[in-house]
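Trainee: Structure file final-v7.pdb (PDB, C-alpha atoms) right here:
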ATOM      1  CA  MET A 227    -288.252 256.394 -29.764
ATOM      2  CA  ALA A 228    -286.743 259.097 -27.638
ATOM      3  CA  THR A 229    -284.625 257.527 -24.969
ATOM      4  CA  THR A 230    -283.721 259.058 -21.671
ATOM      5  CA  GLU A 231    -280.369 257.424 -21.129
ATOM      6  CA  ILE A 232    -277.440 259.735 -21.771
ATOM      7  CA  TYR A 233    -274.737 257.973 -23.719
ATOM      8  CA  ARG A 234    -272.436 260.869 -24.569
ATOM      9  CA  TYR A 235    -272.267 264.614 -24.948
ATOM     10  CA  LEU A 236    -271.936 266.802 -27.995
ATOM     11  CA  HIS A 237    -269.643 269.701 -27.152
ATOM     12  CA  LEU A 238    -270.452 273.152 -28.464
ATOM     13  CA  THR A 239    -268.422 276.258 -27.630
ATOM     14  CA  ASN A 240    -270.483 277.278 -24.632
ATOM     15  CA  LYS A 241    -272.496 274.167 -23.727
ATOM     16  CA  ARG A 242    -272.769 270.434 -23.947
ATOM     17  CA  VAL A 243    -275.716 268.556 -25.335
ATOM     18  CA  ALA A 244    -276.773 265.100 -24.149
ATOM     19  CA  LEU A 245    -277.165 262.426 -26.827
ATOM     20  CA  ASP A 246    -278.393 258.847 -26.721
ATOM     21  CA  ALA A 247    -276.420 255.846 -27.930
ATOM     22  CA  GLU A 248    -277.436 256.483 -31.530
ATOM     23  CA  GLY A 249    -276.661 260.174 -31.424
ATOM     24  CA  TYR A 250    -280.217 261.519 -31.103
ATOM     25  CA  LEU A 251    -280.965 264.361 -28.708
ATOM     26  CA  ILE A 252    -282.082 263.321 -25.239
ATOM     27  CA  ASN A 253    -283.964 266.551 -24.724
ATOM     28  CA  LEU A 254    -285.680 267.443 -27.973
ATOM     29  CA  GLU A 255    -286.568 270.958 -26.778
ATOM     30  CA  GLU A 256    -282.886 271.754 -26.610
ATOM     31  CA  TRP A 257    -282.537 271.720 -30.396
ATOM     32  CA  SER A 258    -281.093 274.783 -32.119
ATOM     33  CA  THR A 259    -279.554 275.496 -35.495
ATOM     34  CA  ASP A 260    -276.118 275.427 -33.807
ATOM     35  CA  ILE A 261    -276.790 271.924 -32.557
ATOM     36  CA  ALA A 262    -277.990 270.879 -36.005
ATOM     37  CA  GLU A 263    -274.737 272.141 -37.491
ATOM     38  CA  ALA A 264    -272.645 270.385 -34.861
ATOM     39  CA  ILE A 265    -274.414 267.057 -35.445
ATOM     40  CA  ALA A 266    -274.083 267.504 -39.201
ATOM     41  CA  LYS A 267    -270.372 268.152 -38.770
ATOM     42  CA  GLU A 268    -270.015 264.880 -36.855
ATOM     43  CA  GLU A 269    -271.538 263.229 -39.909
ATOM     44  CA  GLY A 270    -269.170 265.090 -42.209
ATOM     45  CA  LEU A 271    -271.919 267.301 -43.643
ATOM     46  CA  GLU A 272    -271.964 271.034 -44.248
ATOM     47  CA  LEU A 273    -275.561 272.248 -44.085
ATOM     48  CA  THR A 274    -276.733 274.205 -47.129
ATOM     49  CA  ASP A 275    -280.078 275.871 -47.852
ATOM     50  CA  GLU A 276    -281.183 272.633 -49.433
ATOM     51  CA  HIS A 277    -280.503 270.793 -46.187
ATOM     52  CA  TRP A 278    -282.276 273.388 -44.112
ATOM     53  CA  GLU A 279    -285.476 273.222 -46.130
ATOM     54  CA  ILE A 280    -285.624 269.465 -45.531
ATOM     55  CA  ILE A 281    -284.931 270.002 -41.842
ATOM     56  CA  ARG A 282    -287.870 272.415 -41.698
ATOM     57  CA  VAL A 283    -290.135 269.867 -43.400
ATOM     58  CA  LEU A 284    -289.096 267.282 -40.820
ATOM     59  CA  ARG A 285    -289.697 269.582 -37.898
ATOM     60  CA  ASP A 286    -293.138 270.487 -39.247
ATOM     61  CA  PHE A 287    -293.896 266.798 -39.683
ATOM     62  CA  TYR A 288    -292.969 266.072 -36.083
ATOM     63  CA  GLN A 289    -294.910 269.061 -34.812
ATOM     64  CA  ARG A 290    -297.993 267.809 -36.563
ATOM     65  CA  PHE A 291    -297.797 264.051 -36.140
ATOM     66  CA  GLU A 292    -295.562 263.612 -33.055
ATOM     67  CA  GLN A 293    -293.461 261.015 -34.852
ATOM     68  CA  ALA A 294    -290.421 261.081 -37.083
ATOM     69  CA  PRO A 295    -291.246 259.810 -40.576
ATOM     70  CA  ALA A 296    -289.828 256.745 -42.288
ATOM     71  CA  MET A 297    -288.442 257.245 -45.786
ATOM     72  CA  ARG A 298    -291.690 256.959 -47.774
ATOM     73  CA  PRO A 299    -293.669 259.524 -45.800
ATOM     74  CA  LEU A 300    -290.627 261.793 -45.685
ATOM     75  CA  VAL A 301    -290.422 261.762 -49.463
ATOM     76  CA  LYS A 302    -294.131 262.508 -49.631
ATOM     77  CA  ALA A 303    -293.902 265.361 -47.118
ATOM     78  CA  VAL A 304    -290.967 266.894 -48.987
ATOM     79  CA  ALA A 305    -292.818 266.603 -52.294
ATOM     80  CA  ARG A 306    -295.797 268.418 -50.829
ATOM     81  CA  ALA A 307    -293.779 271.173 -49.200
ATOM     82  CA  LEU A 308    -291.024 271.698 -51.756
ATOM     83  CA  GLY A 309    -292.361 270.234 -54.974
ATOM     84  CA  GLU A 310    -292.066 266.935 -56.828
ATOM     85  CA  GLU A 311    -288.545 267.691 -58.006
ATOM     86  CA  LYS A 312    -287.228 267.583 -54.449
ATOM     87  CA  GLY A 313    -289.667 264.997 -53.185
ATOM     88  CA  ARG A 314    -287.593 262.139 -54.470
ATOM     89  CA  SER A 315    -285.425 259.735 -52.574
ATOM     90  CA  ILE A 316    -282.435 260.462 -54.782
ATOM     91  CA  HIS A 317    -282.500 264.115 -53.711
ATOM     92  CA  LEU A 318    -282.639 263.098 -50.055
ATOM     93  CA  MET A 319    -279.919 260.503 -50.534
ATOM     94  CA  ARG A 320    -277.662 263.153 -52.007
ATOM     95  CA  LEU A 321    -278.236 265.553 -49.111
ATOM     96  CA  PHE A 322    -278.293 263.000 -46.300
ATOM     97  CA  PRO A 323    -276.307 260.021 -47.570
ATOM     98  CA  GLY A 324    -276.803 256.515 -46.282
ATOM     99  CA  SER A 325    -280.079 256.506 -44.425
ATOM    100  CA  PRO A 326    -281.741 259.894 -45.059
ATOM    101  CA  ALA A 327    -284.758 259.420 -42.770
ATOM    102  CA  LYS A 328    -282.549 258.586 -39.792
ATOM    103  CA  LEU A 329    -279.742 261.019 -40.470
ATOM    104  CA  ALA A 330    -281.986 263.973 -41.239
ATOM    105  CA  ALA A 331    -284.101 263.221 -38.142
ATOM    106  CA  ARG A 332    -280.967 263.258 -35.990
ATOM    107  CA  ILE A 333    -279.880 266.615 -37.394
ATOM    108  CA  ALA A 334    -283.400 268.056 -37.172
ATOM    109  CA  GLY A 335    -283.625 267.181 -33.482
ATOM    110  CA  LEU A 336    -286.298 264.517 -33.853
ATOM    111  CA  PRO A 337    -286.367 261.101 -32.217
ATOM    112  CA  LYS A 338    -285.202 258.189 -34.293
ATOM    113  CA  PRO A 339    -287.882 257.140 -36.805
ATOM    114  CA  THR A 340    -289.560 254.051 -35.369
ATOM    115  CA  ASN A 341    -291.026 252.640 -38.525
ATOM    116  CA  CYS A 342    -287.888 252.111 -40.523
ATOM    117  CA  LEU A 343    -285.035 249.659 -40.340
TER     118      LEU A 343
ATOM    119  CA  MET B  30    -314.497 237.779 -53.534
ATOM    120  CA  GLU B  31    -318.210 238.130 -53.128
ATOM    121  CA  ASN B  32    -318.777 241.677 -54.216
ATOM    122  CA  ASP B  33    -317.125 244.812 -55.471
ATOM    123  CA  GLU B  34    -316.636 246.310 -52.061
ATOM    124  CA  GLU B  35    -314.365 243.472 -51.030
ATOM    125  CA  GLN B  36    -312.468 243.591 -54.277
ATOM    126  CA  ASP B  37    -311.927 247.228 -53.656
ATOM    127  CA  VAL B  38    -310.163 246.875 -50.337
ATOM    128  CA  ALA B  39    -308.422 243.555 -50.958
ATOM    129  CA  GLY B  40    -304.828 244.064 -49.965
ATOM    130  CA  ASP B  41    -301.868 242.538 -48.273
ATOM    131  CA  LEU B  42    -302.692 243.228 -44.684
ATOM    132  CA  LEU B  43    -305.829 243.792 -42.647
ATOM    133  CA  VAL B  44    -305.200 245.295 -39.222
ATOM    134  CA  ILE B  45    -308.192 245.057 -36.908
ATOM    135  CA  LEU B  46    -308.108 247.628 -34.129
ATOM    136  CA  ARG B  47    -310.411 246.731 -31.249
ATOM    137  CA  HIS B  48    -309.191 248.944 -28.437
ATOM    138  CA  GLY B  49    -309.724 252.596 -27.671
ATOM    139  CA  PRO B  50    -306.969 255.136 -27.101
ATOM    140  CA  HIS B  51    -305.140 255.644 -23.782
ATOM    141  CA  GLY B  52    -306.380 252.589 -21.866
ATOM    142  CA  SER B  53    -303.791 250.146 -23.133
ATOM    143  CA  SER B  54    -301.061 250.032 -25.746
ATOM    144  CA  TRP B  55    -303.029 247.784 -28.116
ATOM    145  CA  LEU B  56    -304.210 250.565 -30.376
ATOM    146  CA  ARG B  57    -300.747 252.081 -30.657
ATOM    147  CA  GLU B  58    -299.191 248.697 -31.332
ATOM    148  CA  GLY B  59    -301.735 247.971 -34.032
ATOM    149  CA  LEU B  60    -301.060 251.301 -35.690
ATOM    150  CA  ASP B  61    -297.311 250.705 -35.466
ATOM    151  CA  ALA B  62    -297.711 247.353 -37.188
ATOM    152  CA  ALA B  63    -299.720 249.043 -39.933
ATOM    153  CA  LEU B  64    -297.108 251.786 -40.356
ATOM    154  CA  VAL B  65    -294.209 249.358 -40.583
ATOM    155  CA  ALA B  66    -296.027 247.329 -43.218
ATOM    156  CA  ALA B  67    -296.882 250.480 -45.159
ATOM    157  CA  ALA B  68    -293.321 251.791 -44.898
ATOM    158  CA  PHE B  69    -292.276 248.609 -46.688
ATOM    159  CA  GLY B  70    -294.789 249.149 -49.447
ATOM    160  CA  ARG B  71    -297.547 246.830 -48.280
ATOM    161  CA  ARG B  72    -301.170 247.750 -48.962
ATOM    162  CA  VAL B  73    -302.793 248.054 -45.572
ATOM    163  CA  THR B  74    -306.447 248.211 -44.586
ATOM    164  CA  LEU B  75    -307.470 249.287 -41.108
ATOM    165  CA  LEU B  76    -310.713 248.088 -39.580
ATOM    166  CA  PHE B  77    -311.886 249.817 -36.432
ATOM    167  CA  MET B  78    -314.032 247.294 -34.612
ATOM    168  CA  GLY B  79    -315.889 247.207 -31.280
ATOM    169  CA  GLU B  80    -314.408 249.619 -28.768
ATOM    170  CA  GLY B  81    -311.755 250.441 -31.370
ATOM    171  CA  VAL B  82    -314.189 252.797 -33.099
ATOM    172  CA  THR B  83    -313.643 255.273 -30.253
ATOM    173  CA  ALA B  84    -310.143 255.851 -31.640
ATOM    174  CA  LEU B  85    -311.866 257.876 -34.359
ATOM    175  CA  VAL B  86    -313.781 260.224 -32.094
ATOM    176  CA  PRO B  87    -312.764 263.827 -32.814
ATOM    177  CA  GLY B  88    -311.308 266.135 -30.193
ATOM    178  CA  GLN B  89    -308.922 263.697 -28.494
ATOM    179  CA  GLN B  90    -306.146 265.062 -26.333
ATOM    180  CA  ARG B  91    -303.111 263.988 -24.410
ATOM    181  CA  GLY B  92    -303.575 261.895 -21.282
ATOM    182  CA  PRO B  93    -303.740 263.429 -17.801
ATOM    183  CA  LEU B  94    -299.999 262.932 -17.358
ATOM    184  CA  GLY B  95    -299.206 264.349 -20.773
ATOM    185  CA  GLN B  96    -299.065 260.927 -22.483
ATOM    186  CA  LYS B  97    -299.222 261.089 -26.242
ATOM    187  CA  GLY B  98    -302.506 260.114 -27.785
ATOM    188  CA  THR B  99    -303.028 258.216 -31.011
ATOM    189  CA  ALA B 100    -304.960 260.905 -32.883
ATOM    190  CA  PRO B 101    -301.812 262.494 -34.433
ATOM    191  CA  THR B 102    -300.774 259.038 -35.633
ATOM    192  CA  LEU B 103    -304.173 258.595 -37.251
ATOM    193  CA  GLU B 104    -303.724 261.942 -39.003
ATOM    194  CA  MET B 105    -300.360 260.679 -40.231
ATOM    195  CA  LEU B 106    -301.726 257.521 -41.887
ATOM    196  CA  GLU B 107    -302.253 259.230 -45.230
ATOM    197  CA  MET B 108    -298.544 260.124 -45.341
ATOM    198  CA  TYR B 109    -297.906 256.373 -45.290
ATOM    199  CA  ASP B 110    -300.517 255.912 -48.029
ATOM    200  CA  ILE B 111    -302.837 254.076 -45.680
ATOM    201  CA  ASP B 112    -306.172 255.248 -47.014
ATOM    202  CA  SER B 113    -308.293 252.147 -46.754
ATOM    203  CA  LEU B 114    -310.072 252.866 -43.486
ATOM    204  CA  LEU B 115    -313.130 250.937 -42.392
ATOM    205  CA  VAL B 116    -315.354 251.116 -39.377
ATOM    206  CA  GLU B 117    -317.720 248.473 -38.058
ATOM    207  CA  ALA B 118    -321.233 249.856 -38.492
ATOM    208  CA  GLU B 119    -322.691 247.742 -35.715
ATOM    209  CA  ALA B 120    -320.131 249.011 -33.207
ATOM    210  CA  LEU B 121    -321.063 252.577 -34.083
ATOM    211  CA  SER B 122    -324.711 251.987 -33.361
ATOM    212  CA  ARG B 123    -323.937 249.972 -30.224
ATOM    213  CA  LEU B 124    -321.828 252.840 -28.860
ATOM    214  CA  GLY B 125    -324.243 255.458 -30.122
ATOM    215  CA  LEU B 126    -321.681 257.182 -32.310
ATOM    216  CA  ASP B 127    -322.428 259.139 -35.426
ATOM    217  CA  GLY B 128    -320.287 257.765 -38.245
ATOM    218  CA  ASP B 129    -320.336 261.071 -40.081
ATOM    219  CA  GLU B 130    -318.558 262.882 -37.286
ATOM    220  CA  LEU B 131    -315.558 260.613 -37.008
ATOM    221  CA  MET B 132    -311.970 261.539 -37.856
ATOM    222  CA  LEU B 133    -310.658 260.480 -41.276
ATOM    223  CA  SER B 134    -314.115 259.704 -42.721
ATOM    224  CA  PRO B 135    -313.833 255.911 -42.607
ATOM    225  CA  ARG B 136    -316.143 253.730 -44.673
ATOM    226  CA  ARG B 137    -318.838 251.870 -42.792
ATOM    227  CA  VAL B 138    -318.813 248.105 -43.012
ATOM    228  CA  GLU B 139    -322.001 246.207 -42.323
ATOM    229  CA  ALA B 140    -321.834 242.953 -40.377
ATOM    230  CA  ALA B 141    -322.469 240.835 -43.474
ATOM    231  CA  ALA B 142    -319.313 242.166 -45.128
ATOM    232  CA  LEU B 143    -316.912 241.345 -42.284
ATOM    233  CA  PRO B 144    -316.218 237.681 -43.162
ATOM    234  CA  GLY B 145    -315.342 238.734 -46.697
ATOM    235  CA  LEU B 146    -312.837 241.202 -45.336
ATOM    236  CA  THR B 147    -310.972 238.659 -43.264
ATOM    237  CA  ALA B 148    -311.041 236.258 -46.200
ATOM    238  CA  CYS B 149    -309.677 238.622 -48.851
ATOM    239  CA  HIS B 150    -306.522 239.846 -47.111
ATOM    240  CA  SER B 151    -303.485 237.656 -47.157
ATOM    241  CA  LEU B 152    -302.721 238.468 -43.537
ATOM    242  CA  VAL B 153    -305.039 239.508 -40.728
ATOM    243  CA  LEU B 154    -303.700 240.918 -37.477
ATOM    244  CA  THR B 155    -305.955 241.686 -34.518
ATOM    245  CA  PHE B 156    -305.038 244.225 -31.890
TER     246      PHE B 156
ATOM    247  CA  MET C  59    -310.953 227.717 -44.353
ATOM    248  CA  LEU C  60    -309.720 230.243 -41.860
ATOM    249  CA  LEU C  61    -308.951 229.158 -38.332
ATOM    250  CA  HIS C  62    -310.110 231.652 -35.730
ATOM    251  CA  ILE C  63    -308.663 231.268 -32.266
ATOM    252  CA  LEU C  64    -310.397 232.604 -29.168
ATOM    253  CA  ASN C  65    -308.766 232.677 -25.735
ATOM    254  CA  ARG C  66    -311.366 234.582 -23.712
ATOM    255  CA  SER C  67    -314.375 233.169 -21.951
ATOM    256  CA  PRO C  68    -317.718 234.276 -23.365
ATOM    257  CA  ALA C  69    -318.807 234.605 -19.716
ATOM    258  CA  THR C  70    -316.526 237.589 -19.124
ATOM    259  CA  SER C  71    -315.669 238.987 -22.523
ATOM    260  CA  GLU C  72    -317.594 240.113 -25.568
ATOM    261  CA  VAL C  73    -314.641 239.303 -27.802
ATOM    262  CA  TYR C  74    -316.307 236.069 -28.938
ATOM    263  CA  ARG C  75    -318.866 238.216 -30.734
ATOM    264  CA  GLN C  76    -316.122 239.847 -32.759
ATOM    265  CA  ALA C  77    -314.775 236.445 -33.730
ATOM    266  CA  LEU C  78    -318.250 235.320 -34.791
ATOM    267  CA  ALA C  79    -318.820 238.509 -36.750
ATOM    268  CA  ALA C  80    -315.613 238.024 -38.715
ATOM    269  CA  MET C  81    -316.096 234.302 -39.460
ATOM    270  CA  GLY C  82    -316.984 233.021 -42.894
ATOM    271  CA  PRO C  83    -319.313 230.037 -43.464
ATOM    272  CA  ASP C  84    -316.467 227.504 -43.713
ATOM    273  CA  ASP C  85    -314.260 228.968 -41.029
ATOM    274  CA  ARG C  86    -313.621 227.168 -37.771
ATOM    275  CA  LEU C  87    -313.334 228.508 -34.278
ATOM    276  CA  LEU C  88    -310.905 226.984 -31.814
ATOM    277  CA  LEU C  89    -311.322 227.734 -28.124
ATOM    278  CA  ILE C  90    -308.094 227.833 -26.134
ATOM    279  CA  GLU C  91    -307.045 228.954 -22.641
ATOM    280  CA  ASP C  92    -310.012 230.610 -20.861
ATOM    281  CA  GLY C  93    -311.858 230.408 -24.143
ATOM    282  CA  VAL C  94    -312.581 226.725 -23.439
ATOM    283  CA  GLN C  95    -315.216 227.830 -20.947
ATOM    284  CA  GLY C  96    -317.270 228.517 -24.053
ATOM    285  CA  ALA C  97    -317.520 224.730 -24.497
ATOM    286  CA  LEU C  98    -319.608 224.438 -21.323
ATOM    287  CA  LYS C  99    -323.199 223.408 -21.909
ATOM    288  CA  GLY C 100    -324.471 226.669 -20.467
ATOM    289  CA  LEU C 101    -322.303 228.844 -22.703
ATOM    290  CA  VAL C 102    -322.004 226.921 -25.942
ATOM    291  CA  GLY C 103    -325.293 228.412 -27.139
ATOM    292  CA  ARG C 104    -323.548 231.756 -27.535
ATOM    293  CA  PHE C 105    -321.751 230.387 -30.571
ATOM    294  CA  GLY C 106    -324.988 229.919 -32.472
ATOM    295  CA  ASP C 107    -324.634 228.241 -35.843
ATOM    296  CA  VAL C 108    -320.890 227.751 -35.497
ATOM    297  CA  ARG C 109    -321.689 224.488 -33.708
ATOM    298  CA  GLY C 110    -319.995 221.704 -35.580
ATOM    299  CA  ARG C 111    -317.203 224.081 -36.516
ATOM    300  CA  LEU C 112    -316.488 224.852 -32.873
ATOM    301  CA  LEU C 113    -313.420 223.200 -31.400
ATOM    302  CA  ALA C 114    -311.800 223.251 -27.980
ATOM    303  CA  LEU C 115    -308.253 222.474 -26.977
ATOM    304  CA  GLU C 116    -308.224 219.301 -24.915
ATOM    305  CA  GLU C 117    -305.240 220.210 -22.775
ATOM    306  CA  ASP C 118    -306.878 223.455 -21.702
ATOM    307  CA  LEU C 119    -310.159 221.670 -20.946
ATOM    308  CA  ALA C 120    -308.306 219.041 -18.905
ATOM    309  CA  ALA C 121    -306.273 221.589 -16.978
ATOM    310  CA  ARG C 122    -309.522 223.215 -15.868
ATOM    311  CA  GLY C 123    -311.317 219.949 -15.144
ATOM    312  CA  LEU C 124    -313.860 220.873 -17.800
ATOM    313  CA  GLU C 125    -313.604 217.766 -19.991
ATOM    314  CA  PRO C 126    -316.654 216.048 -18.462
ATOM    315  CA  LEU C 127    -318.669 219.266 -18.764
ATOM    316  CA  CYS C 128    -317.809 219.941 -22.378
ATOM    317  CA  ASP C 129    -320.833 220.001 -24.671
ATOM    318  CA  ASP C 130    -321.055 217.093 -27.108
ATOM    319  CA  SER C 131    -321.278 219.386 -30.103
ATOM    320  CA  VAL C 132    -317.784 220.727 -29.461
ATOM    321  CA  VAL C 133    -314.962 218.991 -31.304
ATOM    322  CA  ARG C 134    -311.966 218.335 -29.063
ATOM    323  CA  VAL C 135    -308.488 218.658 -30.441
ATOM    324  CA  ASP C 136    -305.149 218.170 -28.727
ATOM    325  CA  VAL C 137    -302.096 220.317 -29.289
ATOM    326  CA  GLU C 138    -301.001 218.112 -32.157
ATOM    327  CA  GLY C 139    -304.410 218.512 -33.767
ATOM    328  CA  PHE C 140    -304.091 222.251 -33.259
ATOM    329  CA  VAL C 141    -300.872 222.253 -35.254
ATOM    330  CA  THR C 142    -302.505 220.233 -38.029
ATOM    331  CA  LEU C 143    -305.411 222.667 -38.098
ATOM    332  CA  THR C 144    -303.115 225.665 -38.518
ATOM    333  CA  GLU C 145    -301.485 223.856 -41.423
ATOM    334  CA  GLU C 146    -304.833 223.174 -43.060
ATOM    335  CA  ALA C 147    -306.058 226.710 -42.580
ATOM    336  CA  ARG C 148    -305.369 229.374 -45.201
ATOM    337  CA  LYS C 149    -304.541 231.635 -42.301
ATOM    338  CA  THR C 150    -305.255 231.997 -38.636
ATOM    339  CA  VAL C 151    -306.840 234.972 -36.893
ATOM    340  CA  SER C 152    -306.485 235.437 -33.146
ATOM    341  CA  TRP C 153    -309.162 236.939 -30.948
ATOM    342  CA  PHE C 154    -308.080 237.902 -27.461
TER     343      PHE C 154
END
The structure given in the file should be rewritten as structure tokens.
Mentor:
Amino acid sequence: MATTEIYRYLHLTNKRVALDAEGYLINLEEWSTDIAEAIAKEEGLELTDEHWEIIRVLRDFYQRFEQAPAMRPLVKAVARALGEEKGRSIHLMRLFPGSPAKLAARIAGLPKPTNCL
Amino acid sequence: MENDEEQDVAGDLLVILRHGPHGSSWLREGLDAALVAAAFGRRVTLLFMGEGVTALVPGQQRGPLGQKGTAPTLEMLEMYDIDSLLVEAEALSRLGLDGDELMLSPRRVEAAALPGLTACHSLVLTF
Amino acid sequence: MLLHILNRSPATSEVYRQALAAMGPDDRLLLIEDGVQGALKGLVGRFGDVRGRLLALEEDLAARGLEPLCDDSVVRVDVEGFVTLTEEARKTVSWF
């Protein structure tokens, strides 16, 4: 769920971006590739082409369904968009370690997925 | 199990949706319950019953204040592998709806088959 | 046996019809809260052939002063009996 309570700010060179307590954007429209990179950096990730193609899948998913996907539907969406080879949880785990659905949603400027732990 | 149809949809969870979109949060809550179960690998069947059949009417939009509707969530069900979708035939005729024009092409369930549905799922949740 | 639980009065809500539609031949229907109005002589007919498998929660009848008006065909159970019923039932389904 998108929350409206500002917990902290993410500082970019020329602006600051409001985040909730779990690090998701308060204002989803504010998202940009710069913000994605800054959030990824907080998580110790350098975004590669492989990351960006997942981020695009996530943003398309949200555009279409108005919700961030849990892991299973994310895997399915990635498989459809990028092929079976990439539509596997191990691929997502490698790119977005720990909890891929949550981490990738945060970087992609989506609300936190509601249907996953 | 009394017949093949029931065998076919027998699963872990039957979620019965009896409320239309926008008027209350029941429909959304029912769908959320179904999605959580599916995200954890449960086989879920949705039954749209009574007023709940209006959730399947095509052409739904956001509410007057921009509130999200449930139609995008319904479109999303297949991504969660929720493909067992049933609609109460009697409710369709009572509301004068044409079953062939509904979203997601649910399967019609006649009144006589309803008790079998509640019996053959290990958990039944009504919303 | 499935235990169906109804908490709405058949006088104001059509929900009882959904419960009836979903009930199997051995299932029981327990009326609780405002649902106990369904035990009144004038309303009990709505439950058709469920009579005999129709129960009402005594505490809710008593709270509403409906005990004397409860139809004879309705089986009364107290809260303890309610608990026993849920244990006997394969599962419970709520109608509200």
Trainee: Please return, as JSON, numbers by chain, all residues of chain C lying within 10 Å of chain B when all atoms listed in the file are considered.
Mentor: {"C": [59, 60, 72, 73, 75, 76, 77, 78, 79, 80, 81, 82, 83, 85, 148, 149, 150, 151, 152, 153, 154]}
Trainee: To test your reading of the syntax: which residues would the PyMOL selection byres ((chain A and resi 279) around 12) return for the file shown? Reply as a list in words.
Mentor: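 Here the PyMOL selection byres ((chain A and resi 279) around 12) matches Leu273, Thr274, Asp275, Glu276, His277, Trp278, Ile280, Ile281, Arg282, Val283, Leu284, Arg285, Asp286, Ala303, Val304, Ala305, Ala307, Leu308, Gly309, Lys312, Gly313, Leu318, Leu321, Ala330 and Ala334 of chain A.
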Trainee: Taking the file above as input, evaluate the ChimeraX specification (/A :<7) & /B and report the hits as a ChimeraX atom specification.
Mentor: /B:64-65,68,101-102,104-105,108-109
Trainee: Given the selection you just returned, output its residues as a file containing C-alpha atoms, formatted as a compact mmCIF listing (two decimals), in the coordinates of the input.
Mentor:
# COMPACT_ATOMS: atom_id res chain seq x y z
CA LEU B 64 -297.11 251.79 -40.36
CA VAL B 65 -294.21 249.36 -40.58
CA ALA B 68 -293.32 251.79 -44.90
CA PRO B 101 -301.81 262.49 -34.43
CA THR B 102 -300.77 259.04 -35.63
CA GLU B 104 -303.72 261.94 -39.00
CA MET B 105 -300.36 260.68 -40.23
CA MET B 108 -298.54 260.12 -45.34
CA TYR B 109 -297.91 256.37 -45.29
Trainee: Once 4 Å is added on each side, what are the centre and the three edge lengths, in Å to one decimal, of the axis-aligned box enclosing the listed atoms of segment 55-67 of chain B? Present them as AutoDock Vina command-line options.
Mentor:
--center_x -299.2 --center_y 249.7 --center_z -36.6 --size_x 18.0 --size_y 12.8 --size_z 25.0
Trainee: Go through A:Lys241, A:Gly335, A:Ser315, A:Glu231 one by one, measure the shortest atom-to-atom distance of each to Ser258 of chain A using all atoms listed in the file, and give the residue with the smallest value.
Mentor: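 That would be A:Gly335, the residue with the smallest distance to Ser258 of chain A.
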Trainee: Work out how far atom CA of Arg104 of chain C is from atom CA of Leu126 of chain B, in Å to one decimal.
Mentor: 25.9 Å
Trainee: Return as an MDAnalysis selection string the set of residues that the PyMOL selection byres ((chain A and resi 233-237) around 12) yields on the displayed structure.
Mentor: chainID A and resid 229:232 238:253 257 260:268
Trainee: Hey, what's within 12 Å of Asp129 of chain B if we count all atoms listed in the file and toss same-chain stuff fewer than 5 positions away? As number ranges by chain, please?
Mentor: B: 85-87, 116, 118, 121, 134-137
Trainee: May I have the selected residues written with C-alpha atoms, as a short mmCIF file (atom, residue, chain, number, x, y, z; two decimals), in the coordinates of the input?
Mentor:
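Output saved as part30.cif:
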data_model
loop_
_atom_site.label_atom_id
_atom_site.label_comp_id
_atom_site.auth_asym_id
_atom_site.auth_seq_id
_atom_site.Cartn_x
_atom_site.Cartn_y
_atom_site.Cartn_z
CA LEU B 85 -311.87 257.88 -34.36
CA VAL B 86 -313.78 260.22 -32.09
CA PRO B 87 -312.76 263.83 -32.81
CA VAL B 116 -315.35 251.12 -39.38
CA ALA B 118 -321.23 249.86 -38.49
CA LEU B 121 -321.06 252.58 -34.08
CA SER B 134 -314.12 259.70 -42.72
CA PRO B 135 -313.83 255.91 -42.61
CA ARG B 136 -316.14 253.73 -44.67
CA ARG B 137 -318.84 251.87 -42.79
#
Trainee: Find the residues near Val141 of chain C: any atom within 12 Å, counting all atoms listed in the file, skip ones fewer than 6 places away on the same chain, and give them as a list in words.
Mentor: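 In the requested format, the answer is Leu61, Leu88, Leu115, Val135, Ala147 and Thr150 of chain C.
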Trainee: How many Å separate atom CA of Pro326 of chain A from atom CA of Phe69 of chain B?
Mentor: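 Distance reported for this atom pair: 15.5 Å.
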Trainee: Report as a list of chain:residue names all protein, DNA and RNA residues lying within 8 Å of segment 119-124 of chain C, evaluated on all atoms listed in the file, omitting residues in the same chain fewer than 5 positions from it.
Mentor: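 Final neighbour list, sorted by chain and number: C:Val94, C:Gln95, C:Leu98, C:Ala114.
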Trainee: Between atom CA of Leu89 of chain C and atom CA of Leu64 of chain C, what is the distance, to one decimal in Å?
Mentor: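 Interatomic distance, atom CA of Leu89 of chain C to atom CA of Leu64 of chain C: 5.1 Å.
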Trainee: If we count all atoms listed in the file and set the cut-off at 10 Å, which residues sit around Arg57 of chain B, ignoring sequence neighbours fewer than 4 positions away in its own chain? Please answer as a list in words.
Mentor: Leu46, His48, Gly49, Pro50, His51, Ser53, Asp61, Ala62, Ala63, Gly98, Thr99, Thr102, Leu103 and Phe156 of chain B
